[in-house]
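K.L.:
Okay, so here is protein17.txt, and as you'll see once you scroll down, it has compact mmCIF, C-alpha atoms.
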# COMPACT_ATOMS: atom_id res chain seq x y z
CA MET T 1 -20.32 -4.01 -2.23
CA TRP T 2 -22.01 -1.49 -4.51
CA SER T 3 -21.70 -1.98 -8.27
CA GLU T 4 -23.47 -0.19 -11.08
CA ARG T 5 -23.24 -3.35 -13.17
CA TRP T 6 -25.14 -5.22 -10.46
CA GLY T 7 -27.77 -2.53 -10.06
CA GLY T 8 -26.36 -1.19 -6.79
CA PHE T 9 -26.10 -3.24 -3.60
CA PRO T 10 -26.93 -6.95 -3.34
CA PRO T 11 -30.61 -7.65 -2.57
CA GLU T 12 -32.04 -7.45 0.92
CA SER T 13 -32.19 -11.26 1.11
CA PHE T 14 -28.38 -11.38 0.87
CA PHE T 15 -27.88 -9.11 3.88
CA ASN T 16 -30.65 -10.84 5.81
CA ALA T 17 -28.88 -14.17 5.33
CA LEU T 18 -25.64 -12.68 6.71
CA ASP T 19 -27.32 -11.03 9.71
CA PRO T 20 -30.78 -9.42 9.91
CA VAL T 21 -29.24 -6.52 11.84
CA LEU T 22 -27.75 -5.30 8.54
CA VAL T 23 -31.09 -4.81 6.77
CA PRO T 24 -32.05 -1.49 8.45
CA PHE T 25 -28.65 -0.09 7.47
CA LEU T 26 -29.18 -1.17 3.86
CA LYS T 27 -32.51 0.64 3.75
CA ARG T 28 -30.85 3.90 4.76
CA LEU T 29 -28.17 3.71 2.07
CA PRO T 30 -28.65 5.51 -1.26
CA GLN T 31 -28.95 3.39 -4.38
CA ARG T 32 -26.68 5.74 -6.25
CA ASN T 33 -22.91 5.90 -5.88
CA TYR T 34 -21.55 9.46 -6.06
CA PRO T 35 -18.13 10.04 -7.66
CA CYS T 36 -15.59 12.27 -5.94
CA GLN T 37 -15.62 14.72 -8.86
CA GLU T 38 -19.22 15.64 -7.99
CA ALA T 39 -20.42 18.24 -5.49
CA ALA T 40 -22.28 16.99 -2.44
CA GLY T 41 -23.64 20.51 -1.98
CA THR T 42 -22.44 23.98 -1.08
CA LEU T 43 -20.85 25.44 2.03
CA CYS T 44 -23.39 25.93 4.81
CA PRO T 45 -23.85 29.48 6.20
CA GLU T 46 -22.15 28.64 9.51
CA TRP T 47 -18.91 27.46 7.89
CA ALA T 48 -19.03 30.07 5.15
CA ASP T 49 -19.05 32.69 7.91
CA LYS T 50 -16.27 30.99 9.91
CA LEU T 51 -14.01 30.66 6.87
CA GLY T 52 -14.89 33.98 5.28
CA LEU T 53 -15.97 32.25 2.08
CA SER T 54 -18.99 32.43 -0.16
CA GLY T 55 -21.93 30.14 0.46
CA LYS T 56 -21.66 29.21 -3.21
CA VAL T 57 -18.41 27.27 -2.64
CA PHE T 58 -18.87 23.63 -3.64
CA VAL T 59 -18.21 20.83 -1.16
CA GLY T 60 -17.06 17.66 -2.88
CA VAL T 61 -18.05 14.07 -2.15
CA GLY T 62 -15.64 12.48 0.34
CA ASN T 63 -12.88 10.04 -0.54
CA ILE T 64 -10.63 7.41 1.06
CA ASP T 65 -7.04 8.45 1.80
CA SER T 66 -5.25 5.80 -0.26
CA TYR T 67 -7.58 6.25 -3.24
CA SER T 68 -6.96 9.99 -3.21
CA GLY T 69 -3.21 9.38 -2.81
CA ALA T 70 -3.22 7.13 -5.85
CA LEU T 71 -4.91 9.86 -7.87
CA GLY T 72 -2.40 12.46 -6.65
CA ALA T 73 0.53 10.22 -7.62
CA GLY T 74 -0.77 9.88 -11.18
CA ALA T 75 -2.70 6.60 -11.06
CA ALA T 76 -3.37 5.27 -14.57
CA PRO T 77 -3.99 1.89 -16.22
CA GLY T 78 -0.78 -0.16 -16.01
CA ARG T 79 0.66 2.01 -13.23
CA MET T 80 0.64 0.66 -9.68
CA VAL T 81 0.85 3.40 -7.05
CA MET T 82 2.52 2.20 -3.84
CA ASN T 83 1.65 4.19 -0.72
CA LEU T 84 4.57 3.26 1.53
CA GLY T 85 4.04 4.32 5.13
CA THR T 86 3.29 2.45 8.34
CA SER T 87 1.49 -0.08 6.13
CA ALA T 88 1.74 -0.42 2.36
CA CYS T 89 -1.30 0.23 0.18
CA PHE T 90 -1.03 -0.58 -3.53
CA MET T 91 -3.54 0.83 -5.99
CA ASN T 92 -4.25 -0.28 -9.58
CA VAL T 93 -6.83 0.78 -12.13
CA VAL T 94 -8.06 -1.05 -15.24
CA HIS T 95 -10.39 0.26 -17.96
CA ASP T 96 -13.90 -1.22 -17.85
CA GLU T 97 -13.53 -2.74 -21.31
CA VAL T 98 -10.38 -4.61 -20.21
CA ILE T 99 -11.64 -6.08 -16.93
CA LEU T 100 -15.11 -6.85 -18.36
CA GLY T 101 -16.66 -7.29 -14.94
CA ARG T 102 -14.24 -10.01 -13.84
CA ILE T 103 -13.60 -10.26 -10.10
CA VAL T 104 -9.99 -10.58 -8.93
CA PRO T 105 -9.93 -12.97 -5.95
CA GLY T 106 -8.05 -12.25 -2.75
CA VAL T 107 -7.79 -8.46 -3.06
CA PHE T 108 -8.75 -6.00 -0.33
CA GLY T 109 -11.08 -4.00 -2.56
CA GLN T 110 -12.33 -3.85 -6.15
CA VAL T 111 -14.76 -1.05 -6.96
CA ASN T 112 -15.74 0.55 -10.23
CA GLY T 113 -14.80 4.24 -10.35
CA MET T 114 -13.15 4.31 -6.93
CA ILE T 115 -10.03 6.04 -8.27
CA LEU T 116 -10.58 6.93 -11.93
CA PRO T 117 -13.94 7.24 -13.72
CA GLY T 118 -14.47 4.46 -16.24
CA CYS T 119 -12.05 2.13 -14.47
CA ASP T 120 -12.19 -0.59 -11.87
CA GLY T 121 -9.89 0.21 -8.95
CA PHE T 122 -8.03 -2.41 -6.94
CA GLU T 123 -6.62 -2.06 -3.44
CA THR T 124 -3.95 -4.46 -2.22
CA GLY T 125 -1.00 -4.14 0.13
CA LEU T 126 0.84 -5.14 3.29
CA SER T 127 -0.60 -4.87 6.81
CA ALA T 128 2.79 -3.83 8.20
CA TYR T 129 5.49 -2.00 6.27
CA GLY T 130 7.12 0.93 8.06
CA ASP T 131 5.57 -0.44 11.26
CA ALA T 132 7.63 -3.61 10.80
CA PHE T 133 10.86 -1.62 10.54
CA ALA T 134 9.86 0.51 13.54
CA TRP T 135 9.18 -2.68 15.54
CA PHE T 136 12.72 -3.93 14.88
CA LYS T 137 14.14 -0.52 15.82
CA ARG T 138 12.24 -0.60 19.12
CA LEU T 139 13.37 -4.16 19.74
CA LEU T 140 17.04 -3.30 19.39
CA GLY T 141 16.65 0.07 21.06
CA TRP T 142 14.94 -1.20 24.19
CA PRO T 143 17.88 -0.17 26.43
CA LEU T 144 17.87 3.30 24.87
CA GLU T 145 14.14 3.70 25.49
CA LYS T 146 14.50 2.49 29.06
CA PHE T 147 17.60 4.34 30.23
CA LEU T 148 18.08 7.45 28.09
CA PRO T 149 16.38 10.76 28.98
CA GLU T 150 13.43 11.59 26.71
CA LYS T 151 15.24 14.42 24.89
CA GLU T 152 18.11 12.13 23.88
CA ARG T 153 15.99 9.05 23.17
CA ALA T 154 14.43 10.09 19.84
CA ALA T 155 17.73 11.16 18.30
CA ALA T 156 19.42 7.95 19.43
CA MET T 157 16.61 5.78 18.02
CA ASP T 158 16.69 7.63 14.68
CA ARG T 159 20.45 7.13 14.49
CA LEU T 160 20.00 3.44 15.26
CA LEU T 161 17.59 3.01 12.32
CA SER T 162 19.88 5.00 10.03
CA GLU T 163 22.85 2.78 10.94
CA LEU T 164 20.72 -0.34 10.43
CA ASN T 165 19.80 0.80 6.91
CA ASP T 166 23.44 1.57 6.06
CA GLU T 167 24.79 -1.72 7.38
CA ALA T 168 21.96 -3.85 5.98
CA ALA T 169 22.65 -2.39 2.52
CA LYS T 170 26.12 -3.99 2.72
CA VAL T 171 24.75 -7.50 3.41
CA VAL T 172 25.42 -10.01 0.60
CA PRO T 173 23.07 -12.96 1.26
CA ASP T 174 23.23 -16.50 -0.01
CA VAL T 175 20.33 -18.91 -0.37
CA ASP T 176 20.59 -20.09 3.25
CA SER T 177 21.07 -16.69 4.90
CA PRO T 178 18.50 -15.71 7.56
CA LEU T 179 15.03 -15.33 6.06
CA ALA T 180 12.02 -13.45 7.39
CA THR T 181 8.31 -13.36 6.68
CA ASP T 182 6.63 -9.99 7.06
CA HIS T 183 3.25 -10.74 8.64
CA LEU T 184 3.73 -8.89 11.94
CA ASN T 185 0.17 -7.60 11.58
CA GLY T 186 -1.26 -10.47 9.54
CA ARG T 187 -1.61 -10.47 5.74
CA ARG T 188 -3.80 -8.20 3.63
CA THR T 189 -3.10 -9.54 0.13
CA PRO T 190 -3.40 -11.93 -1.54
CA PHE T 191 -6.17 -13.50 0.55
CA LEU T 192 -6.66 -11.78 3.90
CA ASN T 193 -5.36 -13.71 6.89
CA SER T 194 -5.28 -11.60 10.05
CA SER T 195 -4.08 -14.50 12.19
CA LEU T 196 -0.92 -15.17 10.14
CA SER T 197 2.23 -14.28 12.09
CA ALA T 198 5.76 -13.30 11.07
CA SER T 199 8.88 -15.43 11.44
CA PHE T 200 12.67 -15.53 11.20
CA SER T 201 14.45 -18.70 10.12
CA GLY T 202 18.00 -19.80 9.43
CA LEU T 203 19.41 -18.04 12.51
CA LYS T 204 22.86 -18.86 13.90
CA LEU T 205 24.99 -17.54 16.77
CA SER T 206 26.88 -15.52 14.15
CA THR T 207 23.72 -13.80 12.83
CA THR T 208 23.95 -10.02 13.15
CA ALA T 209 21.31 -7.32 13.64
CA PRO T 210 21.91 -5.89 10.13
CA GLU T 211 21.37 -9.37 8.66
CA LEU T 212 18.03 -9.67 10.47
CA TYR T 213 17.02 -6.18 9.35
CA TYR T 214 18.03 -7.05 5.79
CA ALA T 215 15.82 -10.14 5.94
CA LEU T 216 12.87 -8.12 7.29
CA VAL T 217 13.08 -5.47 4.56
CA GLU T 218 13.61 -8.19 1.97
CA SER T 219 10.46 -9.98 3.15
CA THR T 220 8.31 -6.90 2.47
CA ALA T 221 9.74 -6.78 -1.04
CA PHE T 222 8.97 -10.48 -1.55
CA ALA T 223 5.40 -9.85 -0.38
CA THR T 224 5.15 -7.01 -2.91
CA LYS T 225 6.34 -9.28 -5.72
CA VAL T 226 3.78 -11.91 -4.73
CA ILE T 227 1.04 -9.26 -4.99
CA ILE T 228 2.24 -8.01 -8.39
CA ASP T 229 2.38 -11.57 -9.73
CA HIS T 230 -1.11 -12.24 -8.36
CA MET T 231 -2.56 -9.15 -10.03
CA GLU T 232 -0.94 -9.86 -13.39
CA SER T 233 -2.04 -13.50 -13.34
CA ASN T 234 -5.61 -12.24 -12.89
CA GLY T 235 -5.52 -9.84 -15.83
CA VAL T 236 -4.45 -6.61 -14.11
CA PRO T 237 -1.33 -5.34 -15.92
CA VAL T 238 1.47 -3.78 -13.85
CA GLU T 239 3.80 -1.96 -16.22
CA GLU T 240 5.09 0.80 -13.93
CA LEU T 241 5.62 1.24 -10.19
CA VAL T 242 5.28 4.67 -8.55
CA ALA T 243 6.03 5.11 -4.84
CA VAL T 244 4.79 7.79 -2.44
CA GLY T 245 4.88 8.09 1.32
CA GLY T 246 7.49 8.48 4.04
CA VAL T 247 9.49 5.28 3.47
CA SER T 248 9.92 6.06 -0.25
CA ARG T 249 11.85 9.20 0.74
CA LYS T 250 13.55 8.08 3.94
CA SER T 251 14.95 4.66 3.03
CA PRO T 252 16.88 4.28 -0.24
CA PHE T 253 17.78 0.78 1.00
CA ALA T 254 14.13 -0.32 1.16
CA MET T 255 13.41 1.22 -2.25
CA GLN T 256 16.42 -0.44 -3.87
CA MET T 257 15.33 -3.75 -2.36
CA LEU T 258 11.89 -3.34 -3.96
CA ALA T 259 13.50 -2.67 -7.32
CA ASP T 260 15.89 -5.64 -7.04
CA VAL T 261 13.24 -8.14 -5.92
CA THR T 262 10.52 -7.09 -8.39
CA GLY T 263 13.02 -6.60 -11.23
CA ARG T 264 11.35 -3.26 -12.04
CA ARG T 265 12.24 0.41 -11.89
CA ILE T 266 10.68 2.19 -8.89
CA ASN T 267 9.77 5.81 -9.60
CA VAL T 268 9.42 7.95 -6.47
CA SER T 269 6.83 10.69 -6.89
CA ALA T 270 7.73 14.25 -5.89
CA ALA T 271 4.27 14.54 -4.29
CA MET T 272 4.81 15.40 -0.62
CA ASN T 273 1.10 15.04 0.19
CA ALA T 274 -0.33 12.79 -2.50
CA GLY T 275 -3.68 12.43 -0.75
CA ALA T 276 -4.18 16.20 -0.66
CA THR T 277 -3.07 16.44 -4.30
CA GLY T 278 -5.66 13.84 -5.29
CA ALA T 279 -8.36 15.74 -3.42
CA ALA T 280 -7.32 18.92 -5.26
CA VAL T 281 -7.50 17.07 -8.59
CA ASN T 282 -11.08 15.99 -7.88
CA GLY T 283 -11.95 19.46 -6.63
CA ALA T 284 -10.54 21.11 -9.76
CA VAL T 285 -12.70 18.88 -11.97
CA MET T 286 -15.75 19.54 -9.80
CA ALA T 287 -15.15 23.30 -10.10
CA GLY T 288 -14.91 23.05 -13.89
CA LEU T 289 -11.23 24.03 -14.12
CA TYR T 290 -10.49 20.86 -16.10
CA PRO T 291 -12.81 18.76 -18.26
CA ASP T 292 -11.87 15.43 -16.64
CA VAL T 293 -9.63 13.79 -14.06
CA VAL T 294 -6.90 12.75 -16.50
CA SER T 295 -6.52 16.34 -17.74
CA ALA T 296 -6.34 17.60 -14.15
CA GLN T 297 -3.73 14.95 -13.27
CA LYS T 298 -1.51 16.01 -16.16
CA ALA T 299 -1.62 19.61 -14.99
CA MET T 300 -1.44 19.11 -11.22
CA CYS T 301 0.41 15.88 -10.32
CA PRO T 302 4.11 16.37 -9.45
CA PRO T 303 6.79 14.70 -11.60
CA VAL T 304 9.10 11.83 -10.66
CA LEU T 305 11.57 12.83 -7.94
CA ASN T 306 14.06 10.00 -8.46
CA SER T 307 14.18 6.37 -9.57
CA PHE T 308 15.68 3.08 -8.42
CA GLU T 309 16.82 0.61 -11.07
CA PRO T 310 17.06 -3.15 -10.37
CA ASP T 311 20.54 -4.64 -10.05
CA PRO T 312 20.70 -7.61 -12.50
CA SER T 313 23.55 -9.22 -10.53
CA LYS T 314 21.15 -9.88 -7.63
CA GLU T 315 18.33 -11.40 -9.68
CA ARG T 316 19.31 -15.07 -9.34
CA ILE T 317 19.90 -15.17 -5.58
CA LEU T 318 16.81 -13.10 -4.81
CA ALA T 319 14.65 -15.35 -6.98
CA GLN T 320 15.90 -18.37 -5.02
CA ARG T 321 15.27 -16.65 -1.71
CA CYS T 322 11.79 -15.60 -2.84
CA ILE T 323 10.95 -19.27 -3.40
CA ARG T 324 12.05 -19.94 0.19
CA TYR T 325 9.85 -17.04 1.36
CA VAL T 326 6.77 -18.42 -0.41
CA GLU T 327 7.39 -21.91 0.96
CA THR T 328 7.85 -20.54 4.49
CA VAL T 329 4.60 -18.56 4.30
CA LYS T 330 2.76 -21.70 3.21
CA PHE T 331 4.28 -23.60 6.15
CA ASN T 332 3.27 -20.82 8.59
CA GLU T 333 -0.32 -21.02 7.30
CA ARG T 334 -0.70 -24.67 8.27
Turn this file's structure into structure tokens for me.
P.N.:
Amino acid sequence: MWSERWGGFPPESFFNALDPVLVPFLKRLPQRNYPCQEAAGTLCPEWADKLGLSGKVFVGVGNIDSYSGALGAGAAPGRMVMNLGTSACFMNVVHDEVILGRIVPGVFGQVNGMILPGCDGFETGLSAYGDAFAWFKRLLGWPLEKFLPEKERAAAMDRLLSELNDEAAKVVPDVDSPLATDHLNGRRTPFLNSSLSASFSGLKLSTTAPELYYALVESTAFATKVIIDHMESNGVPVEELVAVGGVSRKSPFAMQMLADVTGRRINVSAAMNAGATGAAVNGAVMAGLYPDVVSAQKAMCPPVLNSFEPDPSKERILAQRCIRYVETVKFNER
């Protein structure tokens, strides 16, 4: 809730109106916001001795994992970085002179300078991404978990998920094929709703497990498209999509689905540990190795590992199914 344009935090009267218990916390907070490219101090003698380092080593200001991951994946205006793991965290940045202090409604976070200096950063995403796929794996693999010895269980469950991905990739849906909504852990964006639940519809006795898994993966792609459309309609351009995280490397099916539904190329970053890379970028600027974050990114951020191009032949049917998804979400919210 801190903003330089607003002179820091809201006034004490604001917090008092929410709950007087917040006021003492406000009084202990600094009125300055420290960027991650700045040193918080130097290494204390105890840790300098433990690590065998000089006490002159700078210690940087802390960061949030997804913000640092966005930086390490090359976050830039027009480029949405998608951290695809157990949940999905999408990060955008917009130059100050473009956003002009406007607030984007329904996002999880909007803070000036939170990713790149001179830019507003935006955090959006899905409450469940890889967790949703893992839930379906556990659901189908319940007999394996119950009856197989522990040593065999993990390998069997991994094979189950691999087979699901392979078979789901062969599914050719029509408008009325089974449809899922993805809110197994509520919705983050747009407009937080932690009580919203997931659903499957259009089921028949002939419905197969790969068809249900297809619908679940498809629903996360529809949710992503809804977020992109929301950001662009509120003046945040999305010209490029860059993916990092475990799912971006482990599931070509999920990545191709994202490309097909959004109608955009998905570039997968070669960064194995994007959060650590982002921290190193900030540290390099703090140490004076580079004059600014953008220069450090150009030198330190890994290139694109591979890309997924949208299949134009699927555009029409997916657009129709996306309309069904949006209508179903609205129904579930009633």
K.L.:
With distances taken over only C-alpha atoms, which of T:Gly246, T:Gly52, T:Gly106, T:Pro310 is nearest to T:Ile227?
P.N.:
T:Gly106
K.L.:
Could the residues of stretch 22-78 of chain T that have an atom at most 10 Å from stretch 277-289 of chain T be listed as a tab-separated table, each with its closest atom pair and the distance in Å to one decimal, counting all atoms listed in the file and ordered by chain and ascending residue number?
P.N.:
residue	atom	partner	partner_atom	distance
T:Pro35	CA	T:Asn282	CA	9.2
T:Cys36	CA	T:Asn282	CA	6.2
T:Gln37	CA	T:Asn282	CA	4.8
T:Glu38	CA	T:Met286	CA	5.5
T:Ala39	CA	T:Met286	CA	6.5
T:Val57	CA	T:Ala287	CA	9.1
T:Phe58	CA	T:Ala287	CA	7.5
T:Val59	CA	T:Gly283	CA	8.4
T:Gly60	CA	T:Gly283	CA	6.6
T:Val61	CA	T:Asn282	CA	9.2
T:Gly62	CA	T:Ala279	CA	8.8
T:Asn63	CA	T:Ala279	CA	7.8
T:Ile64	CA	T:Ala279	CA	9.7
T:Asp65	CA	T:Gly278	CA	9.0
T:Ser66	CA	T:Gly278	CA	9.5
T:Tyr67	CA	T:Gly278	CA	8.1
T:Ser68	CA	T:Gly278	CA	4.6
T:Gly69	CA	T:Gly278	CA	5.7
T:Ala70	CA	T:Gly278	CA	7.2
T:Leu71	CA	T:Gly278	CA	4.8
T:Gly72	CA	T:Gly278	CA	3.8
T:Ala73	CA	T:Gly278	CA	7.5
T:Gly74	CA	T:Gly278	CA	8.6
T:Ala75	CA	T:Gly278	CA	9.7
K.L.:
Take the point (10.1, -4.8, 2.3) in the file's coordinates, draw a sphere of radius 9 Å around it, and report as a list in words every protein, DNA or RNA residue with an atom inside or on it, counting all atoms listed in the file.
P.N.:
Tyr129, Gly130, Ala132, Phe133, Asp182, Tyr214, Ala215, Leu216, Val217, Glu218, Ser219, Thr220, Ala221, Phe222, Ala223, Thr224, Ala254, Met255, Met257 and Leu258 of chain T
K.L.:
Using only C-alpha atoms, which protein or nucleic acid residues come within 12 Å of T:Ser313? Drop anything in the same chain fewer than 2 positions from it, and give the result as a list in words.
P.N.:
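Here the qualifying residues turn out to be Val172, Asp260, Val261, Gly263, Glu309, Pro310, Asp311, Glu315, Arg316, Ile317, Leu318 and Ala319 of chain T.
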K.L.:
So that I have them on file, write out the residues from the current selection with C-alpha atoms, as a JSON list (two decimals), in the frame of the given file.
P.N.:
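Wrote again-v8.json, looks like this:
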[["chain", "number", "residue", "atom", "x", "y", "z"],
["T", 172, "VAL", "CA", 25.42, -10.01, 0.60],
["T", 260, "ASP", "CA", 15.89, -5.64, -7.04],
["T", 261, "VAL", "CA", 13.24, -8.14, -5.92],
["T", 263, "GLY", "CA", 13.02, -6.60, -11.23],
["T", 309, "GLU", "CA", 16.82, 0.61, -11.07],
["T", 310, "PRO", "CA", 17.06, -3.15, -10.37],
["T", 311, "ASP", "CA", 20.54, -4.64, -10.05],
["T", 315, "GLU", "CA", 18.33, -11.40, -9.68],
["T", 316, "ARG", "CA", 19.31, -15.07, -9.34],
["T", 317, "ILE", "CA", 19.90, -15.17, -5.58],
["T", 318, "LEU", "CA", 16.81, -13.10, -4.81],
["T", 319, "ALA", "CA", 14.65, -15.35, -6.98]]
K.L.:
One decimal, in Å: what's the spacing between atom CA of T:Gly121 and atom CA of T:Val23?
P.N.:
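Interatomic distance here is 26.9 Å.
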K.L.:
Report as a list in words all protein, DNA and RNA residues lying within 12 Å of T:Phe331, evaluated on all atoms listed in the file, omitting residues in the same chain fewer than 4 positions from it.
P.N.:
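Residues near the query, excluding close chain neighbours: Thr181, Leu196, Ser197, Ala198, Ser199, Ser201, Arg324, Tyr325, Val326 and Glu327 of chain T.
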K.L.:
Write out the residues from the selection above, keeping C-alpha atoms, as an mmCIF file, keeping the file's coordinate frame.
P.N.:
data_model
loop_
_atom_site.group_PDB
_atom_site.id
_atom_site.type_symbol
_atom_site.label_atom_id
_atom_site.label_comp_id
_atom_site.auth_asym_id
_atom_site.auth_seq_id
_atom_site.Cartn_x
_atom_site.Cartn_y
_atom_site.Cartn_z
ATOM 1 C CA THR T 181 8.310 -13.360 6.680
ATOM 2 C CA LEU T 196 -0.920 -15.170 10.140
ATOM 3 C CA SER T 197 2.230 -14.280 12.090
ATOM 4 C CA ALA T 198 5.760 -13.300 11.070
ATOM 5 C CA SER T 199 8.880 -15.430 11.440
ATOM 6 C CA SER T 201 14.450 -18.700 10.120
ATOM 7 C CA ARG T 324 12.050 -19.940 0.190
ATOM 8 C CA TYR T 325 9.850 -17.040 1.360
ATOM 9 C CA VAL T 326 6.770 -18.420 -0.410
ATOM 10 C CA GLU T 327 7.390 -21.910 0.960
#
K.L.:
With distances taken over all atoms listed in the file, which of T:Val242, T:Ala169, T:Met114, T:Val107 is nearest to T:Asn193?
P.N.:
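With all atoms listed in the file as the atom set, the closest residue is T:Val107.
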K.L.:
Could you check how far atom CA of T:Phe200 sits from atom CA of T:Asn165, in Å to one decimal?
P.N.:
18.3 Å
K.L.:
Return the single residue from T:Asn112, T:Glu12, T:Leu51, T:Gly275 that is closest to T:Pro24, with distances computed using only C-alpha atoms.
P.N.:
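Using only C-alpha atoms, T:Pro24 sits closest to T:Glu12.
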K.L.:
With all atoms listed in the file as the basis for distance, which of T:Arg334, T:Lys250, T:Arg159, T:Arg5 is at the shortest distance from T:Gly113?
P.N.:
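Under the stated criterion, the closest residue is T:Arg5.
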K.L.:
Pick from T:Ser251, T:Asn185, T:Ser87, T:Asn234: nearest to T:Leu161, with all atoms listed in the file counted?
P.N.:
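That would be T:Ser251, the residue with the smallest distance to T:Leu161.
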K.L.:
For atom CA of T:Ala180 and atom CA of T:Gln256, determine how far apart the two atoms are, in Å to one decimal place.
P.N.:
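Atom CA of T:Ala180 sits 17.8 Å away from atom CA of T:Gln256.
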K.L.:
Counting only C-alpha atoms, figure out which residue out of T:His183, T:Ile99, T:Gly141, T:Leu18 gets nearest to T:Ala155.
P.N.:
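Answer, going by the shortest atom-to-atom distance: T:Gly141.
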K.L.:
Could you pull out every residue with an atom within 12 Å of (-0.6, -3.6, -15.4), file coordinates, counting only C-alpha atoms, and send them as a VMD selection string?
P.N.:
chain T and resid 75 to 81 91 to 95 98 to 99 121 to 122 227 to 241
K.L.:
Find the axis-aligned box for stretch 75-87 of chain T, covering all its listed atoms and adding 4 Å on each side, and write its centre and edge lengths in Å to one decimal as JSON.
P.N.:
{"center_x": 0.3, "center_y": 3.2, "center_z": -3.9, "size_x": 16.6, "size_y": 14.8, "size_z": 32.6}
K.L.:
Need the shell around T:Pro11: protein/DNA/RNA residues with any atom at most 10 Å away, counting only C-alpha atoms. Skip same-chain ones fewer than 4 positions apart. Format as a PyMOL selection string?
P.N.:
chain T and resi 6-7+15-16+23+26
K.L.:
Counting all atoms listed in the file, what is within 12 Å of T:Trp142, bar same-chain residues fewer than 5 positions away, as number ranges by chain?
P.N.:
T: 134-137, 147-148, 153, 156-157, 160
